[in-house]
file structure-v8.cif (mmCIF, C-alpha atoms and all ligand atoms)
data_entry
loop_
_atom_site.label_atom_id
_atom_site.label_comp_id
_atom_site.auth_asym_id
_atom_site.auth_seq_id
_atom_site.Cartn_x
_atom_site.Cartn_y
_atom_site.Cartn_z
CA MET V 1 -32.33 -45.00 25.96
CA ALA V 2 -30.63 -44.21 29.22
CA SER V 3 -29.32 -47.77 29.66
CA ASN V 4 -27.91 -47.81 26.11
CA LYS V 5 -26.18 -44.58 26.83
CA ASN V 6 -24.71 -46.00 30.01
CA LYS V 7 -23.65 -49.14 28.16
CA SER V 8 -21.84 -47.21 25.46
CA GLY V 9 -20.23 -45.12 28.20
CA LEU V 10 -19.00 -48.30 29.88
CA ASP V 11 -17.71 -49.66 26.54
CA ASP V 12 -15.77 -46.45 26.02
CA ILE V 13 -14.25 -46.76 29.46
CA LEU V 14 -13.28 -50.40 28.78
CA LYS V 15 -11.70 -49.38 25.46
CA ILE V 16 -9.71 -46.67 27.21
CA GLY V 17 -8.66 -49.24 29.82
CA LYS V 18 -7.44 -51.63 27.10
CA LYS V 19 -5.51 -48.83 25.42
CA ILE V 20 -3.87 -47.91 28.70
CA TYR V 21 -3.01 -51.58 29.27
CA LYS V 22 -1.39 -51.85 25.83
CA SER V 23 0.47 -48.59 26.08
CA THR V 24 1.74 -49.43 29.58
CA ASN V 25 3.11 -52.74 28.24
CA LYS V 26 4.79 -50.97 25.35
CA THR V 27 6.23 -48.34 27.64
CA SER V 28 7.64 -50.88 30.05
CA ASN V 29 9.36 -52.79 27.20
CA LYS V 30 10.74 -49.59 25.80
CA ALA V 31 11.83 -48.48 29.24
CA SER V 32 13.85 -51.65 29.85
CA SER V 33 15.72 -51.44 26.55
CA SER V 34 16.31 -47.72 26.78
CA LYS V 35 17.69 -48.15 30.28
CA ILE V 36 20.38 -50.53 29.01
CA LYS V 37 21.03 -48.12 26.15
CA ARG V 38 21.58 -45.26 28.57
CA GLU V 39 24.01 -47.26 30.68
CA TYR V 40 26.17 -48.03 27.72
CA ALA V 41 25.93 -44.56 26.29
CA SER V 42 27.29 -43.05 29.46
CA LYS V 43 30.44 -45.14 29.22
CA LYS V 44 31.19 -44.57 25.59
CA THR V 45 32.81 -41.83 23.58
CA THR V 46 30.67 -39.72 21.30
CA SER V 47 31.68 -41.54 18.14
CA SER V 48 31.25 -45.05 19.50
CA SER V 49 27.99 -44.19 21.20
CA LYS V 50 26.54 -43.40 17.80
CA ARG V 51 27.59 -46.80 16.56
CA TYR V 52 26.30 -48.47 19.70
CA THR V 53 22.86 -46.88 19.47
CA GLY V 54 22.55 -48.25 15.99
CA GLU V 55 23.61 -51.67 17.12
CA SER V 56 21.47 -51.81 20.19
CA LYS V 57 18.36 -51.40 18.11
CA ARG V 58 19.12 -54.67 16.46
CA LYS V 59 20.45 -56.47 19.53
CA SER V 60 17.71 -56.08 22.11
CA SER V 61 16.59 -59.71 21.84
CA SER V 62 19.93 -61.40 21.18
CA SER V 63 21.96 -59.07 23.39
CA THR V 64 25.00 -59.23 21.13
CA SER V 65 26.50 -55.95 20.15
CA VAL V 66 29.71 -54.35 19.02
CA VAL V 67 30.89 -52.77 22.21
CA SER V 68 34.04 -52.48 24.24
CA GLY V 69 35.16 -55.51 26.27
CA GLU V 70 34.02 -54.02 29.58
CA ASN V 71 30.59 -53.19 28.31
CA LEU V 72 30.23 -56.53 26.65
CA LEU V 73 30.90 -58.19 29.99
CA LYS V 74 28.28 -56.08 31.67
CA ASP V 75 25.84 -56.73 28.89
CA MET V 76 26.36 -60.44 29.31
CA SER V 77 25.86 -60.31 33.04
CA VAL V 78 22.62 -58.41 32.57
CA THR V 79 21.49 -60.98 30.07
CA ALA V 80 22.42 -63.76 32.46
CA VAL V 81 20.39 -62.25 35.29
CA LYS V 82 17.58 -61.63 32.88
CA SER V 83 17.42 -65.20 31.66
CA ALA V 84 17.59 -66.57 35.21
CA THR V 85 14.77 -64.45 36.50
CA GLY V 86 13.18 -63.90 33.10
CA ARG V 87 9.94 -65.79 33.63
CA THR V 88 9.26 -64.50 37.12
CA SER V 89 10.08 -60.89 36.25
CA THR V 90 7.86 -60.95 33.17
CA LYS V 91 5.12 -62.53 35.23
CA ASN V 92 5.54 -59.97 38.01
CA LEU V 93 5.57 -57.19 35.48
CA ALA V 94 2.42 -58.50 33.86
CA VAL V 95 0.70 -58.77 37.24
CA LYS V 96 1.71 -55.22 38.04
CA VAL V 97 0.63 -53.84 34.72
CA ILE V 98 -2.73 -55.58 34.98
CA THR V 99 -3.20 -54.31 38.54
CA TYR V 100 -2.46 -50.74 37.51
CA ALA V 101 -4.63 -51.05 34.45
CA ILE V 102 -7.51 -52.26 36.64
CA LEU V 103 -6.94 -49.44 39.09
CA TRP V 104 -6.93 -46.95 36.23
CA ILE V 105 -10.13 -48.42 34.84
CA ILE V 106 -11.70 -48.13 38.30
CA LEU V 107 -10.53 -44.54 38.41
CA LEU V 108 -11.93 -43.76 34.98
CA VAL V 109 -15.21 -45.43 35.82
CA THR V 110 -15.44 -43.60 39.15
CA ILE V 111 -15.10 -40.14 37.64
CA PRO V 112 -18.34 -40.23 35.62
CA PHE V 113 -19.93 -42.15 38.50
CA SER V 114 -19.08 -39.45 41.00
CA THR V 115 -21.32 -37.14 38.98
CA SER V 116 -24.27 -39.41 39.59
CA ILE V 117 -23.33 -39.78 43.25
CA GLU V 118 -23.40 -36.02 43.43
CA LYS V 119 -26.88 -35.99 41.93
CA GLU V 120 -28.08 -38.53 44.47
CA ILE V 121 -26.44 -36.87 47.46
CA ASN V 122 -27.83 -33.51 46.60
CA ARG V 123 -31.22 -34.89 47.36
CA PRO V 124 -32.08 -35.27 50.99
CA SER V 125 -31.58 -38.80 52.24
CA PHE V 126 -35.13 -38.96 53.51
CA ALA V 127 -38.34 -37.97 51.82
CA PHE V 128 -39.77 -34.70 52.97
CA SER V 129 -43.45 -34.37 53.09
CA SER V 130 -45.58 -32.27 55.29
CA THR V 131 -46.56 -34.79 57.90
CA GLU V 132 -49.38 -33.44 59.98
CA GLY V 133 -48.15 -31.96 63.20
CA GLU V 134 -44.51 -31.97 62.17
CA TYR V 135 -42.48 -29.22 60.69
CA SER V 136 -39.08 -28.85 59.08
CA VAL V 137 -36.95 -25.86 58.17
CA HIS V 138 -34.62 -26.28 55.20
CA PHE V 139 -31.75 -23.90 54.69
CA VAL V 140 -31.15 -25.01 51.12
CA ASP V 141 -27.62 -24.84 49.82
CA VAL V 142 -27.97 -22.39 46.95
CA GLY V 143 -24.36 -21.22 46.94
CA GLN V 144 -24.03 -17.47 47.44
CA GLY V 145 -27.65 -16.58 48.21
CA ASP V 146 -30.59 -17.45 50.42
CA CYS V 147 -33.40 -19.94 50.10
CA THR V 148 -35.28 -21.35 53.07
CA ILE V 149 -38.20 -23.73 52.85
CA ILE V 150 -40.45 -24.22 55.84
CA LEU V 151 -42.88 -27.11 55.88
CA LEU V 152 -45.48 -26.02 58.42
CA PRO V 153 -47.15 -28.51 60.76
CA ASP V 154 -50.51 -28.02 59.01
CA GLY V 155 -49.00 -29.04 55.66
CA LYS V 156 -48.65 -25.53 54.31
CA VAL V 157 -45.41 -24.49 52.65
CA VAL V 158 -43.42 -21.29 53.11
CA MET V 159 -40.49 -20.33 50.94
CA ILE V 160 -38.29 -17.41 51.94
CA ASP V 161 -36.25 -16.36 48.89
CA THR V 162 -35.26 -18.55 45.99
CA GLY V 163 -31.47 -18.32 45.68
CA PRO V 164 -29.54 -17.13 42.63
CA ALA V 165 -30.12 -18.45 39.09
CA SER V 166 -26.68 -20.11 39.25
CA SER V 167 -28.08 -22.53 41.83
CA ARG V 168 -31.12 -23.50 39.74
CA ASN V 169 -30.01 -27.11 39.23
CA ASN V 170 -29.21 -27.64 42.88
CA LEU V 171 -32.49 -26.11 43.99
CA SER V 172 -34.44 -28.12 41.40
CA LYS V 173 -32.87 -31.34 42.63
CA TYR V 174 -33.65 -30.41 46.20
CA LEU V 175 -37.25 -29.59 45.36
CA SER V 176 -37.62 -32.90 43.53
CA SER V 177 -37.31 -34.64 46.88
CA MET V 178 -40.29 -32.74 48.25
CA THR V 179 -43.81 -33.77 47.60
CA PHE V 180 -45.67 -30.47 47.65
CA THR V 181 -47.07 -28.87 44.52
CA THR V 182 -48.36 -25.67 46.09
CA ILE V 183 -46.40 -22.97 47.87
CA ASP V 184 -48.76 -21.22 50.22
CA TYR V 185 -46.50 -18.32 51.08
CA LEU V 186 -43.60 -17.15 48.93
CA ILE V 187 -41.65 -14.41 50.69
CA LEU V 188 -39.18 -12.44 48.58
CA THR V 189 -37.11 -10.33 50.96
CA HIS V 190 -35.58 -7.84 48.51
CA PRO V 191 -34.94 -7.51 44.78
CA ASP V 192 -31.33 -8.80 44.68
CA GLU V 193 -30.55 -11.64 42.29
CA ASP V 194 -29.08 -13.91 44.98
CA HIS V 195 -32.53 -13.92 46.62
CA ILE V 196 -34.96 -13.82 43.70
CA GLY V 197 -32.90 -15.47 40.93
CA ASN V 198 -35.15 -18.55 40.77
CA ALA V 199 -38.48 -16.86 41.54
CA CYS V 200 -39.73 -17.23 37.93
CA MET V 201 -38.91 -20.94 38.04
CA ILE V 202 -40.86 -21.24 41.30
CA TYR V 203 -43.90 -19.47 39.81
CA ASP V 204 -43.66 -21.76 36.77
CA ARG V 205 -43.27 -24.94 38.71
CA TYR V 206 -45.65 -24.39 41.64
CA GLU V 207 -48.98 -22.93 42.33
CA VAL V 208 -48.11 -19.97 44.52
CA LEU V 209 -51.08 -18.79 46.57
CA HIS V 210 -49.64 -15.76 48.28
CA SER V 211 -46.57 -13.61 47.52
CA TYR V 212 -44.87 -11.27 49.98
CA VAL V 213 -42.68 -8.76 48.19
CA PRO V 214 -40.71 -5.58 48.93
CA LYS V 215 -42.25 -2.20 48.22
CA VAL V 216 -40.19 -1.88 45.08
CA SER V 217 -41.48 -1.27 41.57
CA SER V 218 -40.06 -2.86 38.41
CA ASN V 219 -39.91 -2.04 34.71
CA TYR V 220 -42.73 -4.49 34.16
CA MET V 221 -44.88 -2.83 36.83
CA GLU V 222 -44.13 0.59 35.38
CA SER V 223 -45.04 -0.48 31.87
CA ARG V 224 -48.32 -2.02 33.03
CA GLY V 225 -49.30 0.81 35.35
CA LEU V 226 -49.02 -1.49 38.36
CA ASN V 227 -46.54 0.76 40.15
CA GLU V 228 -47.24 2.47 43.42
CA SER V 229 -46.36 6.14 43.28
CA ASN V 230 -44.01 6.25 46.25
CA PHE V 231 -42.14 3.06 45.35
CA LYS V 232 -38.51 2.99 44.38
CA VAL V 233 -37.98 1.45 40.93
CA VAL V 234 -35.40 -1.31 40.52
CA THR V 235 -34.74 -1.64 36.81
CA SER V 236 -33.00 -5.02 36.70
CA ASN V 237 -34.39 -7.65 34.32
CA VAL V 238 -34.52 -10.25 37.05
CA TRP V 239 -36.81 -8.07 39.17
CA SER V 240 -38.93 -7.15 36.16
CA ASN V 241 -39.33 -10.82 35.18
CA THR V 242 -40.05 -11.79 38.78
CA THR V 243 -42.86 -9.26 39.11
CA GLN V 244 -44.23 -10.30 35.72
CA SER V 245 -44.38 -13.95 36.80
CA MET V 246 -45.94 -12.91 40.10
CA TYR V 247 -48.74 -10.94 38.42
CA ASN V 248 -49.31 -13.75 35.92
CA GLU V 249 -49.68 -16.16 38.82
CA ASN V 250 -52.78 -14.33 40.02
CA CYS V 251 -51.77 -14.89 43.60
CA GLU V 252 -52.49 -12.63 46.53
CA ILE V 253 -49.80 -9.99 46.90
CA THR V 254 -48.75 -8.40 50.18
CA TYR V 255 -45.96 -5.86 50.57
CA ASN V 256 -43.38 -6.63 53.23
CA PHE V 257 -43.90 -4.26 56.12
CA ARG V 258 -44.17 -4.17 59.88
CA ASP V 259 -47.20 -6.00 61.32
CA VAL V 260 -47.68 -8.30 58.34
CA LYS V 261 -48.68 -11.70 59.76
CA ILE V 262 -49.03 -15.27 58.64
CA TYR V 263 -50.55 -17.51 61.27
CA ASP V 264 -52.22 -20.78 62.00
CA GLU V 265 -55.90 -19.95 61.60
CA THR V 266 -56.98 -23.09 63.42
CA SER V 267 -54.57 -22.53 66.37
CA ILE V 268 -54.16 -26.31 66.48
CA TYR V 269 -50.65 -26.43 65.08
CA GLY V 270 -49.16 -23.44 66.86
CA TYR V 271 -47.17 -21.43 64.39
CA SER V 272 -46.91 -17.79 63.44
CA ILE V 273 -44.81 -15.72 61.07
CA ASP V 274 -44.47 -12.06 62.00
CA PHE V 275 -42.88 -9.22 60.05
CA PHE V 276 -41.34 -6.55 62.31
CA THR V 277 -39.71 -4.41 59.63
CA PRO V 278 -39.31 -2.50 57.29
CA LEU V 279 -40.50 0.44 59.30
CA GLU V 280 -40.51 2.83 56.34
CA ASP V 281 -41.70 2.61 52.75
CA ARG V 282 -38.49 3.73 51.16
CA GLN V 283 -35.07 2.36 51.93
CA SER V 284 -31.70 3.63 50.71
CA THR V 285 -30.42 0.23 49.58
CA ASN V 286 -31.99 -2.91 48.14
CA ASN V 287 -30.66 -4.88 51.10
CA ASP V 288 -32.45 -2.69 53.64
CA TYR V 289 -35.84 -3.65 52.19
CA SER V 290 -35.26 -7.06 53.81
CA PRO V 291 -37.87 -7.63 56.51
CA ILE V 292 -36.95 -8.92 59.96
CA ILE V 293 -39.22 -11.94 60.32
CA LEU V 294 -39.85 -14.03 63.42
CA VAL V 295 -41.06 -17.53 62.67
CA ASN V 296 -42.49 -19.32 65.70
CA LEU V 297 -42.95 -23.04 65.18
CA GLN V 298 -44.46 -24.66 68.24
CA ASN V 299 -42.45 -22.33 70.46
CA THR V 300 -39.20 -22.84 68.62
CA LYS V 301 -38.22 -19.43 67.27
CA TYR V 302 -36.41 -18.75 64.01
CA LEU V 303 -35.34 -15.24 63.04
CA PHE V 304 -34.71 -14.11 59.47
CA THR V 305 -33.19 -10.77 58.56
CA GLY V 306 -32.39 -11.17 54.85
CA ASP V 307 -29.58 -8.80 53.91
CA ALA V 308 -30.59 -6.02 56.36
CA SER V 309 -27.67 -3.92 57.59
CA THR V 310 -26.67 -3.16 61.19
CA GLU V 311 -28.55 0.18 60.87
CA LYS V 312 -31.79 -1.72 60.33
CA GLU V 313 -30.96 -4.01 63.23
CA GLU V 314 -30.50 -0.94 65.46
CA GLU V 315 -33.80 0.59 64.26
CA PHE V 316 -35.51 -2.69 65.04
CA LEU V 317 -34.01 -2.85 68.55
CA THR V 318 -35.08 0.73 69.28
CA GLU V 319 -38.58 0.30 67.87
CA TYR V 320 -39.27 -2.89 69.81
CA SER V 321 -37.17 -2.25 72.91
CA PRO V 322 -39.90 -3.30 75.40
CA LEU V 323 -40.34 -6.61 73.55
CA VAL V 324 -36.58 -7.03 73.29
CA SER V 325 -36.19 -6.50 77.05
CA SER V 326 -38.95 -8.97 77.76
CA GLY V 327 -37.02 -11.67 75.90
CA TYR V 328 -39.60 -11.93 73.14
CA PHE V 329 -36.83 -12.11 70.55
CA ASP V 330 -34.76 -14.73 72.35
CA VAL V 331 -34.63 -17.06 69.39
CA ASP V 332 -33.37 -20.56 68.93
CA VAL V 333 -32.14 -20.19 65.39
CA LEU V 334 -30.94 -17.10 63.56
CA GLN V 335 -30.42 -17.00 59.86
CA VAL V 336 -27.39 -14.73 59.91
CA GLY V 337 -27.95 -11.44 58.08
CA HIS V 338 -26.40 -10.81 54.67
CA HIS V 339 -24.59 -14.15 54.39
CA GLY V 340 -22.36 -13.36 57.38
CA SER V 341 -21.28 -9.89 56.22
CA LYS V 342 -19.52 -7.77 58.86
CA TYR V 343 -22.02 -4.99 58.02
CA SER V 344 -24.78 -7.04 59.63
CA SER V 345 -25.05 -8.96 62.93
CA SER V 346 -23.96 -6.23 65.34
CA THR V 347 -23.06 -7.31 68.87
CA ASN V 348 -26.10 -5.40 70.18
CA PHE V 349 -28.39 -7.27 67.86
CA LEU V 350 -26.83 -10.65 68.62
CA ASN V 351 -27.06 -10.01 72.36
CA ALA V 352 -30.74 -9.15 71.94
CA VAL V 353 -31.69 -12.26 69.97
CA THR V 354 -29.48 -14.74 71.89
CA ALA V 355 -29.61 -17.37 69.16
CA GLU V 356 -28.38 -20.84 69.97
CA ILE V 357 -27.75 -21.78 66.37
CA ALA V 358 -26.67 -19.32 63.68
CA VAL V 359 -27.04 -20.48 60.08
CA ILE V 360 -24.97 -18.74 57.44
CA SER V 361 -26.08 -19.26 53.85
CA CYS V 362 -23.20 -18.49 51.52
CA GLY V 363 -21.23 -19.91 48.60
CA THR V 364 -17.86 -21.66 48.76
CA GLY V 365 -15.08 -19.16 47.99
CA ASN V 366 -17.56 -16.35 47.18
CA LYS V 367 -16.11 -13.09 45.89
CA TYR V 368 -17.44 -11.07 48.83
CA GLY V 369 -15.44 -13.07 51.37
CA HIS V 370 -18.67 -14.01 53.21
CA PRO V 371 -18.85 -14.85 55.98
CA HIS V 372 -16.52 -12.14 57.25
CA SER V 373 -14.34 -13.22 60.16
CA GLU V 374 -15.55 -10.20 62.19
CA ALA V 375 -19.15 -11.43 61.98
CA VAL V 376 -18.21 -15.02 62.78
CA THR V 377 -16.20 -13.84 65.81
CA ARG V 378 -19.17 -11.79 67.05
CA LEU V 379 -21.44 -14.80 66.61
CA THR V 380 -19.19 -17.23 68.43
CA SER V 381 -18.47 -14.79 71.25
CA CYS V 382 -22.23 -14.43 71.72
CA GLY V 383 -22.34 -18.18 72.23
CA CYS V 384 -23.89 -19.09 68.88
CA GLN V 385 -23.18 -22.40 67.28
CA VAL V 386 -22.33 -21.42 63.70
CA ARG V 387 -23.51 -23.64 60.83
CA ARG V 388 -22.64 -22.85 57.24
CA THR V 389 -24.18 -24.05 54.00
CA ASP V 390 -20.88 -23.55 52.16
CA GLU V 391 -19.27 -26.11 54.45
CA GLU V 392 -22.15 -28.44 55.19
CA GLY V 393 -24.51 -28.16 52.25
CA SER V 394 -28.23 -27.79 52.92
CA ILE V 395 -29.10 -27.71 56.60
CA VAL V 396 -32.40 -29.11 57.75
CA MET V 397 -33.95 -28.71 61.15
CA THR V 398 -36.94 -30.69 62.21
CA ALA V 399 -38.92 -31.04 65.37
CA ASP V 400 -41.67 -33.45 66.07
CA SER V 401 -44.71 -31.86 67.60
CA SER V 402 -44.63 -34.56 70.27
CA ILE V 403 -41.30 -33.24 71.49
CA GLU V 404 -42.24 -30.18 73.43
CA ASN V 405 -40.35 -26.96 72.91
CA LYS V 406 -37.37 -28.70 71.47
CA VAL V 407 -34.79 -26.78 69.54
CA ALA V 408 -34.05 -28.10 66.10
CA THR V 409 -33.87 -31.69 67.20
CA GLN V 410 -32.17 -32.97 64.10
CA SER V 411 -29.87 -31.57 61.51
CA HIS V 412 -29.22 -33.37 58.28
CA PHE V 413 -26.48 -32.20 56.06
CA HIS V 414 -26.17 -32.66 52.37
CA ARG V 415 -22.92 -32.00 50.73
CA ASN V 416 -22.97 -29.60 47.86
CA THR V 417 -21.76 -30.12 44.32
CA ASP V 418 -18.38 -28.50 44.95
CA PHE V 419 -17.47 -31.20 47.40
CA TYR V 420 -17.94 -33.90 44.79
CA LEU V 421 -16.14 -31.91 42.15
CA GLU V 422 -13.25 -31.79 44.58
CA TRP V 423 -13.52 -35.55 44.94
CA LYS V 424 -12.89 -35.91 41.22
CA TYR V 425 -9.64 -34.03 41.63
CA VAL V 426 -8.73 -36.23 44.58
CA LEU V 427 -9.32 -39.29 42.37
CA ILE V 428 -7.27 -37.89 39.51
CA ILE V 429 -4.38 -36.88 41.79
CA GLY V 430 -4.61 -40.31 43.44
CA GLY V 431 -4.34 -41.96 40.02
CA VAL V 432 -1.30 -39.90 39.08
CA LEU V 433 0.37 -40.69 42.42
CA LEU V 434 -0.38 -44.36 41.84
CA LEU V 435 1.35 -44.22 38.46
CA VAL V 436 4.38 -42.44 39.89
CA LEU V 437 4.56 -45.00 42.68
CA SER V 438 4.30 -47.87 40.22
CA TYR V 439 7.08 -46.33 38.12
CA ILE V 440 9.34 -46.01 41.19
CA LEU V 441 8.59 -49.60 42.25
CA PHE V 442 9.22 -50.81 38.73
CA LYS V 443 12.55 -49.00 38.61
CA LYS V 444 13.55 -50.39 42.00
CA SER V 445 12.70 -53.96 41.07
CA ARG V 446 14.72 -53.61 37.85
CA LYS V 447 17.69 -52.33 39.81
CA ALA V 448 17.42 -55.17 42.33
CA LYS V 449 17.33 -57.71 39.58
CA GLN V 450 20.34 -56.20 37.84
CA LYS V 451 22.35 -56.43 41.06
ZN ZN V 501 -27.96 -11.57 49.59
ZN ZN V 502 -28.98 -8.34 48.95
#
call {"tool": "encode", "arguments": {"input": "structure-v8.cif", "output": "structure tokens", "more": "lines below"}}
Ligand SMILES: [Zn+2]
Ligand SMILES: [Zn+2]
result
Amino acid sequence: MASNKNKSGLDDILKIGKKIYKSTNKTSNKASSSKIKREYASKKTTSSSKRYTGESKRKSSSSTSVVSGENLLKDMSVTAVKSATGRTSTKNLAVKVITYAILWIILLVTIPFSTSIEKEINRPSFAFSSTEGEYSVHFVDVGQGDCTIILLPDGKVVMIDTGPASSRNNLSKYLSSMTFTTIDYLILTHPDEDHIGNACMIYDRYEVLHSYVPKVSSNYMESRGLNESNFKVVTSNVWSNTTQSMYNENCEITYNFRDVKIYDETSIYGYSIDFFTPLEDRQSTNNDYSPIILVNLQNTKYLFTGDASTEKEEEFLTEYSPLVSSGYFDVDVLQVGHHGSKYSSSTNFLNAVTAEIAVISCGTGNKYGHPHSEAVTRLTSCGCQVRRTDEEGSIVMTADSSIENKVATQSHFHRNTDFYLEWKYVLIIGGVLLLVLSYILFKKSRKAKQK
């Protein structure tokens, strides 16, 4: 089926190519005769030009027309040049037309092809599986949103947020490159669509063993009496559907709060995931439900803050000041809060966590203007190397357990869809420029021959 489809697609392209070839030939013939017409017209009076136009239609092959003596002379000289160089010029013209036609066909073929390149590129260039003793952290390019996948050294899988529904295709493609079928720990930081938009898809597609969710009730929970009395209710459909899928999954459910822990029970592989916030049950905004999570993977530290605001960062610094002073939160990698918003990542906070690499997950040209220049400036002046999914695509960091205490030894970058869409425009513009250039060259060669 697929190959037939491709074949018919190719046939179509060839047909279009032939049409272009024919029309280019026609146009060039027309162009040459109309050029002569224009030259005469400019030298004639209105009444005689009418007559001439009529005549020229008949004359084009014989080059005899009823014109003034001067024009007749010119006409003859043109004809003389034409007959002398006739064969070569026709041949040259044919070669040119064929070349351009081929280039156009290549262009037309490349456009649909670039879509498939995009599909391929969106997948990581190497297969990701949980190799024992190795881990990888994937900041998946989900446009304007967050989704991080951590393959733990014991083969378990952590997913922090799922990105927005608009990134479903991208995320699906990315997941197709991964071999796991179970997600051990799904952490949903807060009930905003750019973080939980694909949660239902994840519950459908994977066996989720354990969910970590904010202390927020939903319409579904209310209707089923699953609500906790002191919980805020978020009435969005996406949150309602997410909680419904979560309850249908029959997984363990833990509410995000300080002191929640995920750790390596065997202590062989050396990892831990610690929640330090929220410090209170109720928060004033959805964003502030985001937990501050420290992920320690064989002594490489990753810090996640979701969309928590600078207020929450300050609360965290105050609450854990002895640990902060001791350098406990000196991390290697920081996932920058709230997609690089200026209302997160305060200088105080950045100075406390001293991240070497700051990853910003945001969408190209997003309407919020993330990342804000203020936040980026604060990050760079704190000495962070800033990496962005909107510029680089998905960012993957891996470290082999044999390499001791190494920071994110490798980063692999996968361009996002937008980049390849832009490529299509580049190809189209290139094609148009090529045509313009060929027209100019054609005009020039005609002029040279006429001289
Ligand atoms: Zn967000
Ligand atoms: Zn949010």
call {"tool": "closest_residue", "arguments": {"input": "structure-v8.cif", "among": "V:Tyr439, V:Leu350, V:Pro153, V:Val233", "to": "Ser272 in chain V", "atoms": "all atoms listed in the file"}}
result
V:Pro153
call {"tool": "closest_residue", "arguments": {"input": "structure-v8.cif", "among": "V:Gly383, V:Gly145, V:Gly327, V:Gly270", "to": "Gly340 in chain V", "atoms": "all atoms listed in the file"}}
result
V:Gly145
call {"tool": "residues_near_ligand", "arguments": {"input": "structure-v8.cif", "ligand": "ligand ZN 501 (chain V)", "cutoff": "8 Å", "atoms": "only C-alpha atoms and all ligand atoms", "output": "list in words"}}
result
Gln144, Gly145, Asp146, Asp192, Glu193, Asp194, His195, Asn287, Gly306, Asp307, His338 and His339 of chain V
call {"tool": "residues_around", "arguments": {"input": "structure-v8.cif", "residues": "Lys342 in chain V", "least_positions_apart": "5", "cutoff": "7 Å", "atoms": "all atoms listed in the file", "output": "list of chain:residue names"}}
result
V:His372, V:Glu374, V:Ala375
call {"tool": "atom_distance", "arguments": {"input": "structure-v8.cif", "atom1": "CA of His210 in chain V", "atom2": "CA of Thr254 in chain V"}}
result
7.7 Å
call {"tool": "build_atoms", "arguments": {"input": "structure-v8.cif", "residues": "range 177-189 of chain V", "atoms": "N, CA and C atoms", "output": "mmCIF file, keeping the file's coordinate frame"}}
result
data_model
loop_
_atom_site.group_PDB
_atom_site.id
_atom_site.type_symbol
_atom_site.label_atom_id
_atom_site.label_comp_id
_atom_site.auth_asym_id
_atom_site.auth_seq_id
_atom_site.Cartn_x
_atom_site.Cartn_y
_atom_site.Cartn_z
ATOM 1 N N SER V 177 -37.153 -33.700 45.771
ATOM 2 C CA SER V 177 -37.310 -34.640 46.880
ATOM 3 C C SER V 177 -38.527 -34.291 47.740
ATOM 4 N N MET V 178 -39.161 -33.171 47.417
ATOM 5 C CA MET V 178 -40.290 -32.740 48.250
ATOM 6 C C MET V 178 -41.585 -32.983 47.494
ATOM 7 N N THR V 179 -42.590 -33.287 48.260
ATOM 8 C CA THR V 179 -43.810 -33.770 47.600
ATOM 9 C C THR V 179 -44.837 -32.673 47.310
ATOM 10 N N PHE V 180 -44.623 -31.494 47.822
ATOM 11 C CA PHE V 180 -45.670 -30.470 47.650
ATOM 12 C C PHE V 180 -45.727 -29.928 46.219
ATOM 13 N N THR V 181 -46.898 -29.468 45.846
ATOM 14 C CA THR V 181 -47.070 -28.870 44.520
ATOM 15 C C THR V 181 -47.545 -27.419 44.632
ATOM 16 N N THR V 182 -47.885 -27.036 45.859
ATOM 17 C CA THR V 182 -48.360 -25.670 46.090
ATOM 18 C C THR V 182 -47.456 -24.998 47.107
ATOM 19 N N ILE V 183 -47.104 -23.758 46.851
ATOM 20 C CA ILE V 183 -46.400 -22.970 47.870
ATOM 21 C C ILE V 183 -47.419 -21.958 48.387
ATOM 22 N N ASP V 184 -47.724 -22.078 49.659
ATOM 23 C CA ASP V 184 -48.760 -21.220 50.220
ATOM 24 C C ASP V 184 -48.266 -19.775 50.370
ATOM 25 N N TYR V 185 -47.038 -19.653 50.841
ATOM 26 C CA TYR V 185 -46.500 -18.320 51.080
ATOM 27 C C TYR V 185 -45.096 -18.215 50.501
ATOM 28 N N LEU V 186 -44.938 -17.412 49.474
ATOM 29 C CA LEU V 186 -43.600 -17.150 48.930
ATOM 30 C C LEU V 186 -43.181 -15.751 49.369
ATOM 31 N N ILE V 187 -42.136 -15.702 50.186
ATOM 32 C CA ILE V 187 -41.650 -14.410 50.690
ATOM 33 C C ILE V 187 -40.366 -14.046 49.955
ATOM 34 N N LEU V 188 -40.395 -12.929 49.228
ATOM 35 C CA LEU V 188 -39.180 -12.440 48.580
ATOM 36 C C LEU V 188 -38.711 -11.234 49.392
ATOM 37 N N THR V 189 -37.525 -11.349 49.997
ATOM 38 C CA THR V 189 -37.110 -10.330 50.960
ATOM 39 C C THR V 189 -36.729 -9.002 50.315
#
